[in-house]
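coords38.csv (CSV, N, CA and C atoms) appears below.
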```csv
chain,number,residue,atom,x,y,z
A,602,SER,N,-34.3,-12.3,-28.6
A,602,SER,CA,-33.4,-11.2,-28.2
A,602,SER,C,-33.5,-10.9,-26.7
A,603,ALA,N,-32.5,-10.2,-26.2
A,603,ALA,CA,-32.5,-9.9,-24.8
A,603,ALA,C,-33.7,-9.1,-24.3
A,604,LEU,N,-34.2,-8.3,-25.2
A,604,LEU,CA,-35.4,-7.5,-24.8
A,604,LEU,C,-36.7,-8.4,-24.7
A,605,ASP,N,-36.7,-9.4,-25.6
A,605,ASP,CA,-37.9,-10.3,-25.6
A,605,ASP,C,-37.9,-11.1,-24.3
A,606,SER,N,-36.7,-11.4,-23.8
A,606,SER,CA,-36.7,-12.3,-22.6
A,606,SER,C,-36.9,-11.6,-21.3
A,607,GLY,N,-37.2,-10.3,-21.4
A,607,GLY,CA,-37.5,-9.6,-20.2
A,607,GLY,C,-36.2,-9.0,-19.5
A,608,ALA,N,-35.1,-9.2,-20.1
A,608,ALA,CA,-33.8,-8.7,-19.5
A,608,ALA,C,-33.8,-7.1,-19.8
A,609,GLU,N,-33.3,-6.4,-18.8
A,609,GLU,CA,-33.1,-5.0,-18.9
A,609,GLU,C,-32.0,-4.6,-19.9
A,610,GLU,N,-32.3,-3.6,-20.7
A,610,GLU,CA,-31.2,-3.1,-21.6
A,610,GLU,C,-30.2,-2.3,-20.9
A,611,LYS,N,-28.9,-2.6,-21.1
A,611,LYS,CA,-27.9,-1.8,-20.4
A,611,LYS,C,-27.6,-0.5,-21.2
A,612,ARG,N,-27.6,0.6,-20.5
A,612,ARG,CA,-27.4,1.9,-21.1
A,612,ARG,C,-26.1,2.5,-20.6
A,613,PHE,N,-25.4,3.2,-21.4
A,613,PHE,CA,-24.2,3.9,-21.0
A,613,PHE,C,-24.6,5.2,-20.3
A,614,PHE,N,-23.7,5.7,-19.5
A,614,PHE,CA,-23.9,6.9,-18.7
A,614,PHE,C,-24.3,8.1,-19.6
A,615,LEU,N,-23.5,8.3,-20.7
A,615,LEU,CA,-23.8,9.4,-21.6
A,615,LEU,C,-25.1,9.2,-22.3
A,616,ASP,N,-25.5,8.0,-22.7
A,616,ASP,CA,-26.8,7.8,-23.2
A,616,ASP,C,-27.9,8.2,-22.3
A,617,ILE,N,-27.8,7.9,-21.0
A,617,ILE,CA,-28.8,8.3,-20.0
A,617,ILE,C,-28.8,9.9,-19.9
A,618,LEU,N,-27.7,10.5,-19.9
A,618,LEU,CA,-27.7,12.0,-19.9
A,618,LEU,C,-28.3,12.6,-21.1
A,619,LEU,N,-28.0,12.0,-22.3
A,619,LEU,CA,-28.5,12.6,-23.5
A,619,LEU,C,-30.1,12.5,-23.6
A,620,SER,N,-30.6,11.4,-22.9
A,620,SER,CA,-32.1,11.3,-23.0
A,620,SER,C,-32.7,11.9,-21.7
A,621,ALA,N,-32.0,12.4,-20.8
A,621,ALA,CA,-32.5,13.0,-19.5
A,621,ALA,C,-33.3,14.2,-19.8
A,622,GLN,N,-34.3,14.5,-19.0
A,622,GLN,CA,-35.1,15.7,-19.1
A,622,GLN,C,-35.3,16.3,-17.7
A,623,ASP,N,-35.5,17.6,-17.7
A,623,ASP,CA,-35.7,18.3,-16.4
A,623,ASP,C,-37.2,18.0,-16.0
A,624,GLN,N,-37.6,18.7,-14.9
A,624,GLN,CA,-39.0,18.5,-14.4
A,624,GLN,C,-40.1,19.0,-15.4
A,625,HIS,N,-39.7,19.8,-16.4
A,625,HIS,CA,-40.6,20.3,-17.3
A,625,HIS,C,-40.6,19.5,-18.6
A,626,GLY,N,-39.8,18.4,-18.7
A,626,GLY,CA,-39.7,17.6,-19.9
A,626,GLY,C,-38.7,18.2,-20.9
A,627,LYS,N,-38.0,19.2,-20.6
A,627,LYS,CA,-37.0,19.8,-21.5
A,627,LYS,C,-35.6,19.0,-21.4
A,628,PRO,N,-35.0,18.7,-22.5
A,628,PRO,CA,-33.7,17.9,-22.5
A,628,PRO,C,-32.7,18.8,-21.8
A,629,LEU,N,-31.6,18.2,-21.3
A,629,LEU,CA,-30.5,18.9,-20.7
A,629,LEU,C,-29.7,19.6,-21.8
A,630,SER,N,-29.2,20.8,-21.5
A,630,SER,CA,-28.4,21.5,-22.5
A,630,SER,C,-27.0,20.9,-22.5
A,631,GLY,N,-26.3,21.3,-23.5
A,631,GLY,CA,-24.9,20.8,-23.7
A,631,GLY,C,-24.1,21.1,-22.5
A,632,SER,N,-24.2,22.3,-21.9
A,632,SER,CA,-23.4,22.7,-20.8
A,632,SER,C,-23.9,21.9,-19.5
A,633,GLU,N,-25.2,21.6,-19.4
A,633,GLU,CA,-25.6,20.8,-18.3
A,633,GLU,C,-25.1,19.4,-18.3
A,634,ILE,N,-25.1,18.8,-19.6
A,634,ILE,CA,-24.5,17.5,-19.7
A,634,ILE,C,-23.0,17.5,-19.4
A,635,ARG,N,-22.3,18.5,-19.9
A,635,ARG,CA,-20.9,18.6,-19.6
A,635,ARG,C,-20.6,18.7,-18.1
A,636,ASP,N,-21.4,19.5,-17.4
A,636,ASP,CA,-21.3,19.6,-16.0
A,636,ASP,C,-21.5,18.3,-15.3
A,637,GLU,N,-22.5,17.5,-15.7
A,637,GLU,CA,-22.8,16.2,-15.1
A,637,GLU,C,-21.7,15.2,-15.3
A,638,VAL,N,-21.1,15.2,-16.5
A,638,VAL,CA,-20.0,14.3,-16.8
A,638,VAL,C,-18.8,14.7,-16.0
A,639,ASN,N,-18.5,16.0,-15.9
A,639,ASN,CA,-17.4,16.5,-15.1
A,639,ASN,C,-17.5,16.1,-13.6
A,640,THR,N,-18.7,16.3,-13.1
A,640,THR,CA,-19.0,15.9,-11.7
A,640,THR,C,-18.7,14.4,-11.5
A,641,PHE,N,-19.3,13.6,-12.4
A,641,PHE,CA,-19.2,12.2,-12.3
A,641,PHE,C,-17.7,11.7,-12.3
A,642,LEU,N,-17.0,12.2,-13.3
A,642,LEU,CA,-15.6,11.8,-13.5
A,642,LEU,C,-14.7,12.3,-12.4
A,643,PHE,N,-14.8,13.6,-12.1
A,643,PHE,CA,-13.9,14.1,-11.1
A,643,PHE,C,-14.2,13.6,-9.7
A,644,ALA,N,-15.5,13.5,-9.3
A,644,ALA,CA,-15.9,13.0,-8.0
A,644,ALA,C,-15.4,11.5,-7.9
A,645,GLY,N,-15.6,10.7,-8.9
A,645,GLY,CA,-15.1,9.3,-8.8
A,645,GLY,C,-13.6,9.2,-8.7
A,646,HIS,N,-12.9,10.1,-9.5
A,646,HIS,CA,-11.5,10.1,-9.5
A,646,HIS,C,-10.9,10.5,-8.1
A,647,ASP,N,-11.5,11.6,-7.6
A,647,ASP,CA,-11.0,12.1,-6.3
A,647,ASP,C,-11.3,11.1,-5.2
A,648,THR,N,-12.4,10.5,-5.1
A,648,THR,CA,-12.7,9.6,-4.0
A,648,THR,C,-11.8,8.3,-4.1
A,649,VAL,N,-11.6,7.8,-5.3
A,649,VAL,CA,-10.7,6.6,-5.5
A,649,VAL,C,-9.3,7.0,-5.1
A,650,SER,N,-8.8,8.1,-5.6
A,650,SER,CA,-7.4,8.4,-5.4
A,650,SER,C,-7.2,8.8,-3.9
A,651,THR,N,-8.1,9.5,-3.3
A,651,THR,CA,-8.0,9.8,-1.8
A,651,THR,C,-8.0,8.5,-1.0
A,652,GLY,N,-8.9,7.6,-1.3
A,652,GLY,CA,-9.0,6.4,-0.6
A,652,GLY,C,-7.8,5.5,-0.7
A,653,LEU,N,-7.2,5.5,-1.9
A,653,LEU,CA,-6.0,4.7,-2.1
A,653,LEU,C,-4.8,5.4,-1.4
A,654,MET,N,-4.7,6.7,-1.4
A,654,MET,CA,-3.6,7.4,-0.8
A,654,MET,C,-3.7,7.1,0.7
A,655,TRP,N,-4.8,7.2,1.4
A,655,TRP,CA,-4.9,6.9,2.8
A,655,TRP,C,-4.6,5.4,3.1
A,656,THR,N,-5.1,4.5,2.3
A,656,THR,CA,-4.8,3.1,2.5
A,656,THR,C,-3.2,2.9,2.4
A,657,LEU,N,-2.6,3.5,1.5
A,657,LEU,CA,-1.1,3.3,1.4
A,657,LEU,C,-0.4,3.9,2.6
A,658,TYR,N,-1.0,5.1,3.1
A,658,TYR,CA,-0.4,5.7,4.3
A,658,TYR,C,-0.5,4.8,5.5
A,659,HIS,N,-1.7,4.2,5.6
A,659,HIS,CA,-2.0,3.3,6.8
A,659,HIS,C,-1.1,2.1,6.7
A,660,LEU,N,-0.9,1.5,5.5
A,660,LEU,CA,0.0,0.4,5.3
A,660,LEU,C,1.4,0.8,5.7
A,661,ALA,N,1.8,2.0,5.3
A,661,ALA,CA,3.2,2.4,5.6
A,661,ALA,C,3.4,2.6,7.1
A,662,CYS,N,2.3,3.0,7.8
A,662,CYS,CA,2.4,3.1,9.3
A,662,CYS,C,2.4,1.8,10.0
A,663,HIS,N,1.9,0.8,9.4
A,663,HIS,CA,1.7,-0.5,10.0
A,663,HIS,C,2.4,-1.6,9.2
A,664,PRO,N,3.7,-1.7,9.2
A,664,PRO,CA,4.4,-2.7,8.4
A,664,PRO,C,4.0,-4.1,8.6
A,665,GLU,N,3.5,-4.5,9.8
A,665,GLU,CA,3.1,-5.9,10.0
A,665,GLU,C,1.8,-6.2,9.2
A,666,VAL,N,0.9,-5.2,9.0
A,666,VAL,CA,-0.2,-5.3,8.2
A,666,VAL,C,0.2,-5.4,6.7
A,667,GLN,N,1.1,-4.5,6.3
A,667,GLN,CA,1.6,-4.5,5.0
A,667,GLN,C,2.2,-5.9,4.6
A,668,THR,N,2.9,-6.5,5.5
A,668,THR,CA,3.5,-7.8,5.3
A,668,THR,C,2.4,-8.9,5.1
A,669,LYS,N,1.4,-8.8,5.9
A,669,LYS,CA,0.3,-9.8,5.7
A,669,LYS,C,-0.4,-9.6,4.4
A,670,VAL,N,-0.6,-8.3,3.9
A,670,VAL,CA,-1.2,-8.1,2.6
A,670,VAL,C,-0.4,-8.7,1.5
A,671,VAL,N,1.0,-8.4,1.6
A,671,VAL,CA,1.9,-8.9,0.6
A,671,VAL,C,1.8,-10.5,0.5
A,672,GLN,N,1.8,-11.1,1.7
A,672,GLN,CA,1.7,-12.5,1.8
A,672,GLN,C,0.5,-13.1,1.1
A,673,GLU,N,-0.7,-12.4,1.4
A,673,GLU,CA,-1.9,-12.8,0.8
A,673,GLU,C,-1.9,-12.7,-0.7
A,674,LEU,N,-1.4,-11.5,-1.2
A,674,LEU,CA,-1.3,-11.3,-2.6
A,674,LEU,C,-0.4,-12.4,-3.3
A,675,ASN,N,0.7,-12.7,-2.7
A,675,ASN,CA,1.6,-13.7,-3.2
A,675,ASN,C,0.9,-15.1,-3.2
A,676,SER,N,0.2,-15.4,-2.2
A,676,SER,CA,-0.5,-16.7,-2.1
A,676,SER,C,-1.6,-16.8,-3.1
A,677,VAL,N,-2.3,-15.7,-3.4
A,677,VAL,CA,-3.5,-15.8,-4.3
A,677,VAL,C,-3.0,-15.6,-5.7
A,678,LEU,N,-2.1,-14.7,-6.0
A,678,LEU,CA,-1.7,-14.4,-7.4
A,678,LEU,C,-0.5,-15.2,-7.9
A,679,GLY,N,0.3,-15.7,-7.0
A,679,GLY,CA,1.5,-16.4,-7.4
A,679,GLY,C,2.4,-15.5,-8.1
A,680,ASP,N,2.8,-15.8,-9.4
A,680,ASP,CA,3.7,-15.0,-10.2
A,680,ASP,C,3.0,-13.9,-11.0
A,681,ARG,N,1.7,-13.9,-11.0
A,681,ARG,CA,1.0,-12.9,-11.7
A,681,ARG,C,1.0,-11.6,-11.0
A,682,MET,N,1.0,-10.5,-11.8
A,682,MET,CA,1.0,-9.2,-11.2
A,682,MET,C,-0.4,-8.5,-11.2
A,683,VAL,N,-1.3,-9.0,-12.0
A,683,VAL,CA,-2.7,-8.5,-12.1
A,683,VAL,C,-3.7,-9.5,-11.7
A,684,PRO,N,-4.5,-9.2,-10.7
A,684,PRO,CA,-5.5,-10.2,-10.3
A,684,PRO,C,-6.7,-10.3,-11.3
A,685,SER,N,-7.3,-11.5,-11.4
A,685,SER,CA,-8.5,-11.7,-12.2
A,685,SER,C,-9.7,-11.3,-11.3
A,686,MET,N,-10.8,-11.3,-11.9
A,686,MET,CA,-12.0,-11.0,-11.1
A,686,MET,C,-12.3,-12.1,-10.0
A,687,ASP,N,-11.9,-13.3,-10.4
A,687,ASP,CA,-12.1,-14.5,-9.5
A,687,ASP,C,-11.1,-14.3,-8.3
A,688,ASP,N,-9.9,-13.8,-8.6
A,688,ASP,CA,-8.9,-13.6,-7.5
A,688,ASP,C,-9.4,-12.6,-6.4
A,689,ILE,N,-10.1,-11.6,-6.8
A,689,ILE,CA,-10.5,-10.6,-5.9
A,689,ILE,C,-11.3,-11.1,-4.7
A,690,SER,N,-12.1,-12.1,-5.0
A,690,SER,CA,-12.9,-12.7,-3.9
A,690,SER,C,-12.1,-13.4,-2.9
A,691,HIS,N,-10.9,-13.8,-3.3
A,691,HIS,CA,-10.0,-14.6,-2.4
A,691,HIS,C,-9.0,-13.6,-1.6
A,692,LEU,N,-9.1,-12.3,-1.9
A,692,LEU,CA,-8.2,-11.4,-1.2
A,692,LEU,C,-9.0,-10.8,0.0
A,693,GLU,N,-9.3,-11.7,1.0
A,693,GLU,CA,-10.1,-11.3,2.1
A,693,GLU,C,-9.4,-10.3,3.0
A,694,TYR,N,-8.2,-10.6,3.4
A,694,TYR,CA,-7.5,-9.7,4.3
A,694,TYR,C,-7.3,-8.3,3.7
A,695,LEU,N,-7.0,-8.3,2.4
A,695,LEU,CA,-6.9,-7.0,1.7
A,695,LEU,C,-8.2,-6.2,1.7
A,696,GLY,N,-9.3,-6.9,1.6
A,696,GLY,CA,-10.6,-6.3,1.6
A,696,GLY,C,-10.9,-5.7,3.0
A,697,LEU,N,-10.5,-6.4,4.1
A,697,LEU,CA,-10.6,-5.9,5.4
A,697,LEU,C,-9.8,-4.7,5.6
A,698,VAL,N,-8.5,-4.7,5.1
A,698,VAL,CA,-7.6,-3.5,5.2
A,698,VAL,C,-8.2,-2.3,4.5
A,699,LEU,N,-8.8,-2.5,3.4
A,699,LEU,CA,-9.4,-1.4,2.6
A,699,LEU,C,-10.6,-0.8,3.4
A,700,LYS,N,-11.4,-1.7,3.9
A,700,LYS,CA,-12.6,-1.2,4.7
A,700,LYS,C,-12.2,-0.5,6.0
A,701,GLU,N,-11.1,-1.0,6.7
A,701,GLU,CA,-10.7,-0.3,7.9
A,701,GLU,C,-10.1,1.0,7.6
A,702,SER,N,-9.3,1.1,6.5
A,702,SER,CA,-8.7,2.4,6.1
A,702,SER,C,-9.8,3.4,5.8
A,703,HIS,N,-10.9,2.9,5.1
A,703,HIS,CA,-12.0,3.8,4.8
A,703,HIS,C,-12.8,4.2,6.0
A,704,ARG,N,-12.8,3.3,7.0
A,704,ARG,CA,-13.5,3.7,8.3
A,704,ARG,C,-12.7,4.7,9.0
A,705,LEU,N,-11.4,4.6,9.0
A,705,LEU,CA,-10.5,5.5,9.8
A,705,LEU,C,-10.4,6.9,9.1
A,706,THR,N,-10.3,6.9,7.8
A,706,THR,CA,-10.2,8.1,7.0
A,706,THR,C,-11.1,8.0,5.7
A,707,PRO,N,-12.4,8.3,5.9
A,707,PRO,CA,-13.3,8.2,4.8
A,707,PRO,C,-12.9,9.1,3.6
A,708,PRO,N,-12.9,8.6,2.4
A,708,PRO,CA,-12.6,9.4,1.2
A,708,PRO,C,-13.6,10.6,1.1
A,709,VAL,N,-14.8,10.4,1.5
A,709,VAL,CA,-15.8,11.5,1.5
A,709,VAL,C,-16.3,11.6,2.9
A,710,PRO,N,-15.7,12.6,3.6
A,710,PRO,CA,-16.1,12.8,5.0
A,710,PRO,C,-17.5,13.4,5.1
A,711,VAL,N,-18.2,13.0,6.1
A,711,VAL,CA,-19.6,13.6,6.4
A,711,VAL,C,-19.5,14.4,7.6
A,712,VAL,N,-20.0,15.6,7.6
A,712,VAL,CA,-20.0,16.5,8.7
A,712,VAL,C,-21.5,16.8,9.0
A,713,SER,N,-22.0,16.6,10.1
A,713,SER,CA,-23.3,16.9,10.5
A,713,SER,C,-23.3,17.7,11.7
A,714,ARG,N,-24.3,18.5,11.9
A,714,ARG,CA,-24.5,19.4,13.0
A,714,ARG,C,-25.9,19.3,13.6
A,715,THR,N,-26.0,19.5,14.8
A,715,THR,CA,-27.3,19.6,15.5
A,715,THR,C,-27.4,20.9,16.2
A,716,VAL,N,-28.5,21.5,16.0
A,716,VAL,CA,-28.8,22.8,16.7
A,716,VAL,C,-29.2,22.5,18.2
A,717,THR,N,-28.4,23.0,19.1
A,717,THR,CA,-28.7,22.7,20.5
A,717,THR,C,-29.5,23.9,21.2
A,718,SER,N,-29.6,25.0,20.5
A,718,SER,CA,-30.4,26.1,21.1
A,718,SER,C,-31.2,26.8,20.0
A,719,LYS,N,-32.2,27.4,20.4
A,719,LYS,CA,-33.1,28.1,19.4
A,719,LYS,C,-32.4,29.3,18.8
A,720,ILE,N,-32.4,29.4,17.5
A,720,ILE,CA,-31.8,30.5,16.8
A,720,ILE,C,-32.8,31.0,15.7
A,721,THR,N,-32.7,32.3,15.4
A,721,THR,CA,-33.5,32.9,14.3
A,721,THR,C,-32.6,33.5,13.3
A,722,LEU,N,-32.7,33.1,12.1
A,722,LEU,CA,-31.9,33.6,11.0
A,722,LEU,C,-32.3,35.0,10.6
A,723,SER,N,-31.5,35.7,9.8
A,723,SER,CA,-31.8,37.1,9.4
A,723,SER,C,-33.1,37.2,8.6
A,724,ASN,N,-33.5,36.1,7.9
A,724,ASN,CA,-34.8,36.2,7.2
A,724,ASN,C,-36.0,35.8,8.0
A,725,GLY,N,-35.7,35.6,9.3
A,725,GLY,CA,-36.8,35.2,10.3
A,725,GLY,C,-37.1,33.8,10.4
A,726,PHE,N,-36.4,32.9,9.6
A,726,PHE,CA,-36.6,31.5,9.7
A,726,PHE,C,-36.0,30.9,10.9
A,727,THR,N,-36.7,30.1,11.6
A,727,THR,CA,-36.2,29.4,12.8
A,727,THR,C,-36.2,27.9,12.6
A,728,PRO,N,-35.0,27.3,12.5
A,728,PRO,CA,-34.9,25.9,12.2
A,728,PRO,C,-35.4,25.1,13.5
```

Starting from the coordinates I provided, produce the structure as structure tokens.
Amino acid sequence: SALDSGAEEKRFFLDILLSAQDQHGKPLSGSEIRDEVNTFLFAGHDTVSTGLMWTLYHLACHPEVQTKVVQELNSVLGDRMVPSMDDISHLEYLGLVLKESHRLTPPVPVVSRTVTSKITLSNGFTP
């Protein structure tokens, strides 16, 4: 069997949540599991849809890039409308376009701040 050969058993996300425990060994409650599933599903959906929306926007703003993407798709896919897993590795220009779009407009922006002067918060804490 796969377990005897040393291969890791693949587990589904829900199985992992159902067996998860907090720091005190207590299983997650139904509402905690539901919250984790909602976070996973909605966060994944939002980032993919936002990234796709910005990529389509960038392609619309740069018709010459859009033309090159279409040419690559036609070259790799031919008459097929849906790429296979093997086809994806041959869509090099499209991969570069996606990466550049994500660089220009990240689906999950990061904001960081640096304190430039000494401050004291109301609770007396000084970062």

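Separating atom N of His703 (chain A) from CA of His659 (chain A) is a distance of 9.1 Å.
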
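If you look at atom N of Ser620 (chain A) and atom C of Ala644 (chain A), they are 21.4 Å away from each other.
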
Find the distance between atom N of Val709 (chain A) and atom N of Gly652 (chain A) and write it in Å to one decimal.
-> 7.1 Å

Using all atoms listed in the file, which residues sit within 8 Å of Leu619 (chain A) once same-chain residues fewer than 5 positions away are excluded, as an MDAnalysis selection string?
-> chainID A and resid 613:614 628:629 634

Run DSSP on the backbone and give me the residues of region 603-727 of chain A it puts in helix (DSSP H, G or I), as an NGL selection string.
-> :A and (614-620 or 631-662 or 664-678 or 686-689 or 693-705)

Do you know which residues are at most 8 Å from region 666-681 of chain A counting all atoms listed in the file, after dropping those on the same chain fewer than 3 positions away, and could you put them as a ChimeraX atom specification?
-> /A:659-663,684-685,688,691-695

For Ser702 (chain A): contacts at 8 Å, all atoms listed in the file, fewer than 2 positions along chain excluded, given as a count of residues only = 16

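Taking only C-alpha atoms into account, Thr648 (chain A) lies nearest to A:Pro710 out of the set A:Arg612, A:His625, A:Pro710, A:Ser630.
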
Subset file as a CSV table (one decimal), in the first residue's frame: region 699-715 of chain A, N, CA, C and O atoms:
```
chain,number,residue,atom,x,y,z
A,699,LEU,N,0.9,37.4,-16.7
A,699,LEU,CA,0.3,37.3,-15.4
A,699,LEU,C,1.2,37.7,-14.3
A,699,LEU,O,0.7,38.5,-13.4
A,700,LYS,N,2.4,37.4,-14.3
A,700,LYS,CA,3.4,37.8,-13.3
A,700,LYS,C,3.5,39.3,-13.2
A,700,LYS,O,3.6,39.9,-12.2
A,701,GLU,N,3.6,39.9,-14.4
A,701,GLU,CA,3.8,41.4,-14.5
A,701,GLU,C,2.5,42.1,-14.0
A,701,GLU,O,2.6,43.1,-13.3
A,702,SER,N,1.4,41.6,-14.3
A,702,SER,CA,0.1,42.1,-13.9
A,702,SER,C,0.0,42.1,-12.3
A,702,SER,O,-0.3,43.0,-11.7
A,703,HIS,N,0.5,40.9,-11.8
A,703,HIS,CA,0.5,40.8,-10.3
A,703,HIS,C,1.5,41.7,-9.7
A,703,HIS,O,1.3,42.2,-8.5
A,704,ARG,N,2.6,42.0,-10.4
A,704,ARG,CA,3.6,42.9,-9.8
A,704,ARG,C,3.1,44.3,-9.8
A,704,ARG,O,3.2,45.0,-8.8
A,705,LEU,N,2.4,44.7,-10.9
A,705,LEU,CA,1.9,46.1,-11.0
A,705,LEU,C,0.7,46.3,-10.0
A,705,LEU,O,0.6,47.4,-9.4
A,706,THR,N,-0.2,45.3,-9.9
A,706,THR,CA,-1.4,45.4,-9.1
A,706,THR,C,-1.6,44.1,-8.3
A,706,THR,O,-2.4,43.3,-8.8
A,707,PRO,N,-0.9,44.0,-7.2
A,707,PRO,CA,-1.0,42.7,-6.5
A,707,PRO,C,-2.4,42.5,-6.0
A,707,PRO,O,-3.1,43.4,-5.5
A,708,PRO,N,-2.9,41.2,-6.1
A,708,PRO,CA,-4.3,40.9,-5.6
A,708,PRO,C,-4.4,41.1,-4.1
A,708,PRO,O,-5.4,41.4,-3.6
A,709,VAL,N,-3.3,40.9,-3.4
A,709,VAL,CA,-3.3,41.1,-2.0
A,709,VAL,C,-2.2,42.1,-1.7
A,709,VAL,O,-1.0,41.8,-1.6
A,710,PRO,N,-2.5,43.4,-1.6
A,710,PRO,CA,-1.5,44.4,-1.4
A,710,PRO,C,-1.0,44.3,0.1
A,710,PRO,O,-1.7,43.9,1.0
A,711,VAL,N,0.3,44.7,0.2
A,711,VAL,CA,0.9,44.7,1.5
A,711,VAL,C,1.3,46.2,1.8
A,711,VAL,O,1.8,46.9,1.0
A,712,VAL,N,0.8,46.6,3.0
A,712,VAL,CA,1.2,47.9,3.5
A,712,VAL,C,2.0,47.8,4.7
A,712,VAL,O,1.6,47.1,5.7
A,713,SER,N,3.2,48.4,4.7
A,713,SER,CA,4.0,48.3,5.9
A,713,SER,C,4.4,49.8,6.3
A,713,SER,O,4.4,50.7,5.4
A,714,ARG,N,4.6,49.9,7.5
A,714,ARG,CA,5.0,51.3,8.0
A,714,ARG,C,6.2,51.1,8.9
A,714,ARG,O,6.4,50.1,9.6
A,715,THR,N,6.9,52.2,9.0
A,715,THR,CA,8.1,52.3,9.8
A,715,THR,C,8.0,53.5,10.7
A,715,THR,O,7.7,54.6,10.2
```
